[in-house]
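Below: work14.tsv (TSV, C-alpha atoms)
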```tsv
chain	number	residue	atom	x	y	z
A	1	MET	CA	117.95	87.76	-43.18
A	2	HIS	CA	120.20	86.74	-40.32
A	3	ILE	CA	120.78	83.45	-38.51
A	4	ILE	CA	119.80	83.02	-34.86
A	5	CYS	CA	120.88	80.16	-32.61
A	6	ALA	CA	118.05	79.16	-30.27
A	7	SER	CA	119.12	77.83	-26.90
A	8	ILE	CA	117.19	74.65	-27.73
A	9	CYS	CA	120.20	73.82	-29.93
A	10	TYR	CA	122.01	72.81	-26.73
A	11	ARG	CA	119.07	71.31	-24.81
A	12	GLY	CA	120.12	68.04	-23.27
A	13	TYR	CA	123.76	68.62	-24.13
A	14	GLU	CA	124.44	70.69	-21.02
A	15	ALA	CA	122.26	71.42	-18.00
A	16	ASP	CA	121.97	75.15	-18.77
A	17	GLU	CA	121.08	75.52	-22.43
A	18	VAL	CA	121.30	79.32	-22.40
A	19	ALA	CA	124.79	79.30	-20.88
A	20	ALA	CA	125.85	76.62	-23.36
A	21	THR	CA	124.57	78.69	-26.28
A	22	LEU	CA	126.50	81.74	-25.11
A	23	LYS	CA	129.59	79.59	-24.59
A	24	TYR	CA	129.69	77.62	-27.84
A	25	ALA	CA	127.65	79.38	-30.53
A	26	PRO	CA	129.89	82.45	-31.06
A	27	ALA	CA	132.85	80.26	-32.03
A	28	LEU	CA	130.70	78.70	-34.76
A	29	GLY	CA	129.94	82.10	-36.30
A	30	TYR	CA	126.57	82.89	-34.70
A	31	GLN	CA	126.09	86.51	-33.71
A	32	TYR	CA	122.47	86.21	-32.56
A	33	MET	CA	120.82	83.90	-30.03
A	34	LYS	CA	117.32	83.33	-28.69
A	35	ILE	CA	116.37	82.28	-25.17
A	36	HIS	CA	114.09	79.25	-24.96
A	37	GLY	CA	114.01	76.80	-22.10
A	38	PRO	CA	113.07	76.71	-18.44
A	39	ALA	CA	114.10	80.30	-17.68
A	40	VAL	CA	111.00	81.71	-19.39
A	41	TRP	CA	108.63	78.78	-20.03
A	42	SER	CA	106.33	79.06	-17.04
A	43	VAL	CA	104.51	82.04	-15.58
A	44	ASP	CA	106.52	81.84	-12.35
A	45	THR	CA	109.93	81.60	-14.00
A	46	ALA	CA	109.10	84.31	-16.53
A	47	LEU	CA	107.99	86.74	-13.83
A	48	ASN	CA	111.18	85.98	-11.86
A	49	PHE	CA	113.51	86.14	-14.85
A	50	ASP	CA	117.03	87.30	-13.97
A	51	LEU	CA	117.09	90.09	-16.53
A	52	ALA	CA	120.22	91.80	-15.20
A	53	GLY	CA	122.15	88.53	-14.97
A	54	VAL	CA	121.14	87.44	-18.46
A	55	GLN	CA	121.96	90.87	-19.84
A	56	ARG	CA	125.48	90.63	-18.38
A	57	ALA	CA	126.00	87.11	-19.71
A	58	VAL	CA	124.80	87.97	-23.22
A	59	HIS	CA	126.99	91.07	-23.31
A	60	ALA	CA	130.04	89.13	-22.13
A	61	SER	CA	129.52	86.55	-24.89
A	62	GLY	CA	129.56	89.18	-27.63
A	63	MET	CA	126.21	87.91	-28.93
A	64	THR	CA	122.90	89.73	-29.35
A	65	CYS	CA	119.72	88.30	-27.87
A	66	ALA	CA	117.16	88.42	-30.67
A	67	GLY	CA	114.18	87.29	-28.62
A	68	LEU	CA	112.54	85.12	-25.99
A	69	TYR	CA	110.20	82.14	-25.93
A	70	PRO	CA	107.69	83.02	-23.17
A	71	PRO	CA	104.83	81.01	-21.63
A	72	ASN	CA	102.26	79.80	-24.17
A	73	TRP	CA	99.29	81.79	-25.41
A	74	GLY	CA	95.88	80.98	-23.95
A	75	GLY	CA	95.17	79.00	-20.80
A	76	LYS	CA	92.65	76.67	-19.25
A	77	ASP	CA	90.47	79.37	-17.63
A	78	ASP	CA	90.21	83.14	-17.11
A	79	ALA	CA	92.77	83.22	-14.28
A	80	ASP	CA	95.28	81.20	-16.28
A	81	ILE	CA	94.81	83.43	-19.32
A	82	ALA	CA	95.37	86.58	-17.24
A	83	ALA	CA	98.48	85.16	-15.58
A	84	ARG	CA	99.97	84.10	-18.90
A	85	ALA	CA	99.19	87.49	-20.40
A	86	GLN	CA	101.10	89.20	-17.59
A	87	ALA	CA	104.08	86.89	-18.07
A	88	ILE	CA	104.14	87.30	-21.86
A	89	ALA	CA	103.94	91.09	-21.52
A	90	ALA	CA	106.86	90.95	-19.08
A	91	CYS	CA	108.86	88.97	-21.65
A	92	VAL	CA	108.15	91.63	-24.25
A	93	GLU	CA	109.79	94.18	-21.94
A	94	TYR	CA	112.74	91.86	-21.22
A	95	THR	CA	113.26	91.47	-24.95
A	96	ARG	CA	113.27	95.23	-25.42
A	97	VAL	CA	115.87	95.70	-22.67
A	98	LEU	CA	118.03	92.93	-24.14
A	99	GLY	CA	117.97	94.61	-27.55
A	100	GLY	CA	115.87	91.94	-29.22
A	101	THR	CA	113.20	92.16	-31.88
A	102	HIS	CA	110.49	89.60	-31.13
A	103	ILE	CA	108.92	86.98	-28.90
A	104	SER	CA	107.50	83.68	-30.18
A	105	THR	CA	105.49	80.95	-28.51
A	106	SER	CA	102.73	78.48	-29.29
A	107	GLY	CA	99.37	77.75	-27.64
A	108	ALA	CA	98.77	76.51	-24.12
A	109	GLU	CA	96.41	73.62	-24.97
A	110	PRO	CA	96.32	70.59	-27.29
A	111	HIS	CA	94.82	70.59	-30.75
A	112	GLY	CA	91.08	69.95	-30.67
A	113	THR	CA	90.52	71.18	-27.12
A	114	PRO	CA	87.08	72.89	-27.09
A	115	GLY	CA	87.41	76.67	-26.86
A	116	ALA	CA	91.22	76.60	-26.85
A	117	LEU	CA	91.63	78.89	-29.86
A	118	ASP	CA	89.16	81.36	-28.34
A	119	ARG	CA	91.35	81.45	-25.23
A	120	VAL	CA	94.49	82.00	-27.34
A	121	ILE	CA	92.82	85.00	-28.98
A	122	GLU	CA	91.68	86.38	-25.63
A	123	CYS	CA	95.19	86.02	-24.24
A	124	GLY	CA	96.58	87.83	-27.27
A	125	ARG	CA	94.17	90.71	-26.73
A	126	GLN	CA	95.09	90.94	-23.04
A	127	VAL	CA	98.79	91.01	-23.82
A	128	LEU	CA	98.29	93.77	-26.38
A	129	ALA	CA	96.40	95.78	-23.76
A	130	LEU	CA	99.45	95.51	-21.48
A	131	VAL	CA	102.11	96.29	-24.10
A	132	PRO	CA	102.86	99.88	-25.20
A	133	HIS	CA	101.34	100.81	-28.53
A	134	ASP	CA	104.74	101.95	-29.77
A	135	THR	CA	106.65	98.85	-28.69
A	136	PRO	CA	109.41	97.92	-31.15
A	137	ILE	CA	108.99	94.24	-30.23
A	138	LYS	CA	106.97	92.01	-32.52
A	139	LEU	CA	104.73	89.48	-30.78
A	140	THR	CA	104.29	86.22	-32.67
A	141	MET	CA	102.24	83.03	-32.43
A	142	GLU	CA	103.87	79.88	-33.80
A	143	PRO	CA	102.59	76.43	-34.77
A	144	HIS	CA	103.33	73.21	-32.95
A	145	PHE	CA	102.16	69.86	-34.25
A	146	GLY	CA	99.40	68.64	-31.95
A	147	ASN	CA	98.88	72.11	-30.52
A	148	VAL	CA	95.86	74.39	-30.69
A	149	LEU	CA	98.02	76.45	-33.05
A	150	GLN	CA	98.74	73.90	-35.76
A	151	ASP	CA	96.90	74.47	-39.03
A	152	TRP	CA	96.60	77.22	-41.62
A	153	ALA	CA	93.02	77.94	-40.53
A	154	ASP	CA	94.12	78.60	-36.94
A	155	PHE	CA	96.35	81.45	-38.06
A	156	GLU	CA	93.80	82.78	-40.53
A	157	ARG	CA	91.46	83.23	-37.60
A	158	ILE	CA	94.17	84.86	-35.46
A	159	VAL	CA	95.00	87.59	-37.98
A	160	THR	CA	91.31	88.13	-38.79
A	161	GLU	CA	90.22	88.57	-35.18
A	162	ILE	CA	93.31	90.41	-33.91
A	163	ASP	CA	93.81	93.20	-36.43
A	164	ASP	CA	96.82	94.72	-34.69
A	165	PRO	CA	100.22	94.94	-36.42
A	166	ARG	CA	102.05	94.40	-33.12
A	167	LEU	CA	100.99	90.75	-33.19
A	168	GLY	CA	101.84	88.44	-36.06
A	169	LEU	CA	102.96	84.97	-36.93
A	170	CYS	CA	106.03	82.79	-36.67
A	171	VAL	CA	106.57	80.03	-39.22
A	172	ASP	CA	108.02	76.80	-37.85
A	173	THR	CA	109.23	74.74	-40.79
A	174	GLY	CA	109.35	71.49	-38.83
A	175	HIS	CA	105.97	71.67	-37.16
A	176	PHE	CA	104.28	72.79	-40.38
A	177	HIS	CA	105.93	69.85	-42.16
A	178	SER	CA	104.50	67.50	-39.53
A	179	ALA	CA	101.04	69.05	-39.92
A	180	GLY	CA	101.14	68.90	-43.73
A	181	VAL	CA	101.01	72.69	-44.19
A	182	ASP	CA	102.40	74.10	-47.45
A	183	THR	CA	104.95	76.39	-45.82
A	184	PRO	CA	106.05	78.42	-48.88
A	185	ALA	CA	102.40	79.12	-49.72
A	186	PHE	CA	101.73	80.08	-46.09
A	187	ILE	CA	104.69	82.48	-46.16
A	188	ARG	CA	103.39	84.20	-49.28
A	189	HIS	CA	99.80	84.38	-48.01
A	190	PHE	CA	100.66	85.86	-44.60
A	191	ALA	CA	103.56	88.05	-45.75
A	192	ASP	CA	102.30	91.20	-44.02
A	193	ARG	CA	102.03	89.52	-40.60
A	194	LEU	CA	105.04	87.20	-40.75
A	195	TYR	CA	107.58	88.40	-38.19
A	196	ALA	CA	109.68	85.35	-37.28
A	197	VAL	CA	110.82	81.98	-38.63
A	198	HIS	CA	111.89	78.88	-36.70
A	199	PHE	CA	114.07	76.82	-39.02
A	200	LYS	CA	114.05	73.04	-38.64
A	201	ASP	CA	114.55	69.97	-40.79
A	202	HIS	CA	112.52	66.80	-40.35
A	203	ILE	CA	112.11	63.21	-41.47
A	204	GLY	CA	108.40	62.69	-41.02
A	205	THR	CA	107.57	64.18	-37.64
A	206	VAL	CA	111.09	63.69	-36.26
A	207	SER	CA	113.47	66.64	-35.99
A	208	VAL	CA	116.92	66.01	-37.46
A	209	GLY	CA	119.99	68.11	-38.22
A	210	ILE	CA	119.49	70.95	-40.72
A	211	GLY	CA	120.17	69.59	-44.20
A	212	ARG	CA	119.79	65.98	-43.05
A	213	GLY	CA	116.03	65.76	-43.53
A	214	GLU	CA	113.38	65.82	-46.24
A	215	ILE	CA	112.15	69.43	-46.05
A	216	ASP	CA	112.96	71.55	-49.11
A	217	LEU	CA	114.40	74.42	-47.07
A	218	ARG	CA	115.66	76.18	-50.18
A	219	LYS	CA	112.07	76.66	-51.39
A	220	GLU	CA	111.13	78.13	-48.03
A	221	VAL	CA	114.04	80.58	-48.14
A	222	GLU	CA	113.07	81.51	-51.68
A	223	ALA	CA	109.53	82.28	-50.51
A	224	LEU	CA	110.92	84.46	-47.72
A	225	GLU	CA	113.13	86.31	-50.18
A	226	GLU	CA	110.16	86.77	-52.50
A	227	ILE	CA	108.15	88.59	-49.83
A	228	GLY	CA	111.15	90.67	-48.74
A	229	TYR	CA	111.38	89.12	-45.28
A	230	GLN	CA	114.19	90.81	-43.34
A	231	GLY	CA	113.92	89.05	-39.98
A	232	GLY	CA	115.82	86.17	-38.48
A	233	LEU	CA	115.96	82.47	-39.20
A	234	THR	CA	116.09	80.86	-35.78
A	235	ILE	CA	117.83	77.51	-35.87
A	236	GLU	CA	116.00	74.96	-33.70
A	237	LEU	CA	117.27	71.44	-33.13
A	238	GLU	CA	114.85	69.17	-31.24
A	239	VAL	CA	116.80	66.04	-32.13
A	240	GLU	CA	116.76	62.67	-30.43
A	241	ASP	CA	120.57	62.49	-30.15
A	242	PRO	CA	121.57	65.56	-28.12
A	243	GLN	CA	125.16	64.34	-27.83
A	244	ASN	CA	125.55	65.42	-31.47
A	245	LEU	CA	124.13	68.93	-31.02
A	246	PRO	CA	127.47	70.78	-31.31
A	247	GLN	CA	128.03	69.16	-34.71
A	248	TYR	CA	124.45	69.80	-35.86
A	249	THR	CA	124.58	73.43	-34.69
A	250	GLN	CA	127.74	74.02	-36.71
A	251	GLU	CA	126.31	72.24	-39.75
A	252	ALA	CA	123.17	74.37	-39.52
A	253	TYR	CA	125.13	77.62	-39.58
A	254	LEU	CA	127.11	76.55	-42.64
A	255	TYR	CA	124.08	75.11	-44.44
A	256	VAL	CA	121.80	78.11	-43.88
A	257	SER	CA	124.59	80.55	-44.71
A	258	GLY	CA	124.84	78.75	-48.04
A	259	LEU	CA	121.10	79.05	-48.62
A	260	LEU	CA	121.32	82.78	-47.93
A	261	GLY	CA	124.37	83.23	-50.13
A	262	THR	CA	126.39	84.53	-47.21
A	263	LYS	CA	130.12	84.69	-47.82
A	264	LEU	CA	131.93	83.07	-44.88
```

Can the structure from this file be put into structure tokens for me?
Amino acid sequence: MHIICASICYRGYEADEVAATLKYAPALGYQYMKIHGPAVWSVDTALNFDLAGVQRAVHASGMTCAGLYPPNWGGKDDADIAARAQAIAACVEYTRVLGGTHISTSGAEPHGTPGALDRVIECGRQVLALVPHDTPIKLTMEPHFGNVLQDWADFERIVTEIDDPRLGLCVDTGHFHSAGVDTPAFIRHFADRLYAVHFKDHIGTVSVGIGRGEIDLRKEVEALEEIGYQGGLTIELEVEDPQNLPQYTQEAYLYVSGLLGTKL
């Protein structure tokens, strides 16, 4: 397993979170980063993504871009679903060009919205129809608390109805903690379709610095080791005190390296 610094780790600290990640994270020891944020969130920004410019900036930093966080799966109607599918498929290609391994994003509608999970599944099928069958990029759906993708049953339905190894799941330790999901059990149950992990710590539903919260992250790493997971652990900090993000990002690298037994 390797450690990835998501650009969200500098959200609110500087205006351009991707530039800040490329500027600060390498000095802390991070070799991998992931692009979240406004550059790829919406359909319009994703379809107008400055691939060449980002590629130059990542290369100049010495980091590797492990993946992107594209527009959310699903949509409010057929046109929205189709537009999001086009944008997500474009992000898959951007990730390939950047040398990454995966894309991860959650659902487009709130938890409990009638038909929302059906629309997530339809969007997933449309994206897979647009993506080459031999793509090396793993497509993943991740949970968010309060989102259509929140509970264990949501992901059980996803993997049952979309039986395609190109599309799998992303564990988010913080959002699953908020939703009361047994994350180590989830990891073991969905081992064959688990392609990405977003690593957070929480107190209740509030994101805090890694190692400062109440989540037993060691048990989650042990579950990942048990299933032979070889992907990345993407550090995400959605904290309420962004002025402390440089400190938390450094702490996270040291803490997770310790969990992995990495010699620094």

Under the rule of at most 6 Å, produce a per-residue listing of stretch 106-208 of chain A near stretch 71-88 of chain A: chain, number, name, the closest pair of atoms, and the distance in Å, as a tab-separated table, using only C-alpha atoms.
```
residue	atom	partner	partner_atom	distance
A:Ser106	CA	A:Asn72	CA	5.3
A:Gly107	CA	A:Trp73	CA	4.6
A:Ala108	CA	A:Asn72	CA	4.8
A:Arg119	CA	A:Gly74	CA	4.7
A:Val120	CA	A:Gly74	CA	3.8
A:Cys123	CA	A:Gly74	CA	5.1
A:Gln126	CA	A:Ala85	CA	6.0
A:Val127	CA	A:Ala85	CA	4.9
```

Find the residues near A:Val221: any atom within 9 Å, counting only C-alpha atoms, skip ones fewer than 4 places away on the same chain, and give them as a ChimeraX atom specification.
/A:184,217,225-226,259-260

Write out the residues from the selection above, keeping C-alpha atoms, as a JSON list (two decimals), in the coordinates of the input.
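And here is the file that came out, part_7.json:
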```json
[["chain", "number", "residue", "atom", "x", "y", "z"],
["A", 184, "PRO", "CA", 106.05, 78.42, -48.88],
["A", 217, "LEU", "CA", 114.40, 74.42, -47.07],
["A", 225, "GLU", "CA", 113.13, 86.31, -50.18],
["A", 226, "GLU", "CA", 110.16, 86.77, -52.50],
["A", 259, "LEU", "CA", 121.10, 79.05, -48.62],
["A", 260, "LEU", "CA", 121.32, 82.78, -47.93]]
```

Selected residue of minimal separation from A:Asp164 among A:Gly146, A:Gly62, A:Gly124, A:Gly209, counting all atoms listed in the file
A:Gly124

So that I can see what lies close to stretch 230-246 of chain A, please list as a ChimeraX atom specification the residues with an atom at most 6 Å from it, counting only C-alpha atoms and leaving out residues fewer than 5 positions away in the same chain.
/A:1-6,9,12-13,197-200,207-208

Need the shell around A:Gly99: protein/DNA/RNA residues with any atom at most 9 Å away, counting all atoms listed in the file. Skip same-chain ones fewer than 5 positions apart. Format as a ChimeraX atom specification?
/A:64-67,94

From the list A:Ala46, A:Val40, A:Cys91, A:Leu149, the nearest residue to A:Ile121 using all atoms listed in the file is A:Leu149

Which is closest to A:Ala25 among A:Arg11, A:Tyr229, A:Thr140, A:Met63, if we use all atoms listed in the file?
A:Met63

Quick one: residues within 12 Å of A:Gln150, all atoms listed in the file, excluding same-chain residues fewer than 5 positions away - as a PyMOL selection string?
chain A and resi 106-112+116-117+141-145+155-158+169-181

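With all atoms listed in the file as the basis for measurement, A:Leu167 is the residue among A:Val43, A:Leu167, A:Val18, A:Ile227 that approaches A:Ile103 most closely.
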
Taking the point (123.5, 87.9, -21.6) as given in the file, collect each protein or nucleic acid residue that comes within 12 Å of it, counting only C-alpha atoms, and present the set as a ChimeraX atom specification.
/A:18-23,32-35,50-67,94-95,97-100

Please rebuild stretch 50-68 of chain A with N, CA and C atoms and return the result as a short mmCIF file (atom, residue, chain, number, x, y, z; two decimals), keeping the file's coordinate frame.
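After the write, result.cif holds the following:
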```
data_model
loop_
_atom_site.label_atom_id
_atom_site.label_comp_id
_atom_site.auth_asym_id
_atom_site.auth_seq_id
_atom_site.Cartn_x
_atom_site.Cartn_y
_atom_site.Cartn_z
N ASP A 50 115.85 86.53 -14.39
CA ASP A 50 117.03 87.30 -13.97
C ASP A 50 117.51 88.17 -15.13
N LEU A 51 116.80 89.25 -15.38
CA LEU A 51 117.09 90.09 -16.53
C LEU A 51 118.51 90.66 -16.47
N ALA A 52 118.89 91.19 -15.32
CA ALA A 52 120.22 91.80 -15.20
C ALA A 52 121.32 90.77 -15.41
N GLY A 53 121.15 89.58 -14.82
CA GLY A 53 122.15 88.53 -14.97
C GLY A 53 122.26 88.06 -16.41
N VAL A 54 121.13 87.87 -17.06
CA VAL A 54 121.14 87.44 -18.46
C VAL A 54 121.75 88.52 -19.34
N GLN A 55 121.40 89.76 -19.06
CA GLN A 55 121.96 90.87 -19.84
C GLN A 55 123.48 90.88 -19.75
N ARG A 56 124.02 90.67 -18.55
CA ARG A 56 125.48 90.63 -18.38
C ARG A 56 126.09 89.46 -19.16
N ALA A 57 125.45 88.29 -19.06
CA ALA A 57 126.00 87.11 -19.71
C ALA A 57 125.98 87.24 -21.23
N VAL A 58 124.89 87.78 -21.77
CA VAL A 58 124.80 87.97 -23.22
C VAL A 58 125.86 88.97 -23.68
N HIS A 59 125.99 90.05 -22.95
CA HIS A 59 126.99 91.07 -23.31
C HIS A 59 128.40 90.49 -23.28
N ALA A 60 128.69 89.71 -22.26
CA ALA A 60 130.04 89.13 -22.13
C ALA A 60 130.35 88.16 -23.27
N SER A 61 129.32 87.52 -23.81
CA SER A 61 129.52 86.55 -24.89
C SER A 61 129.80 87.22 -26.23
N GLY A 62 129.43 88.49 -26.36
CA GLY A 62 129.56 89.18 -27.63
C GLY A 62 128.38 88.96 -28.56
N MET A 63 127.38 88.18 -28.11
CA MET A 63 126.21 87.91 -28.93
C MET A 63 125.13 88.96 -28.69
N THR A 64 124.10 88.91 -29.52
CA THR A 64 122.90 89.73 -29.35
C THR A 64 121.73 88.80 -29.13
N CYS A 65 120.92 89.09 -28.11
CA CYS A 65 119.72 88.30 -27.87
C CYS A 65 118.60 88.83 -28.77
N ALA A 66 118.18 88.00 -29.70
CA ALA A 66 117.16 88.42 -30.67
C ALA A 66 115.75 88.32 -30.13
N GLY A 67 115.54 87.45 -29.12
CA GLY A 67 114.18 87.29 -28.62
C GLY A 67 114.06 86.24 -27.55
N LEU A 68 112.85 86.07 -27.05
CA LEU A 68 112.54 85.12 -25.99
C LEU A 68 111.38 84.23 -26.41
#
```
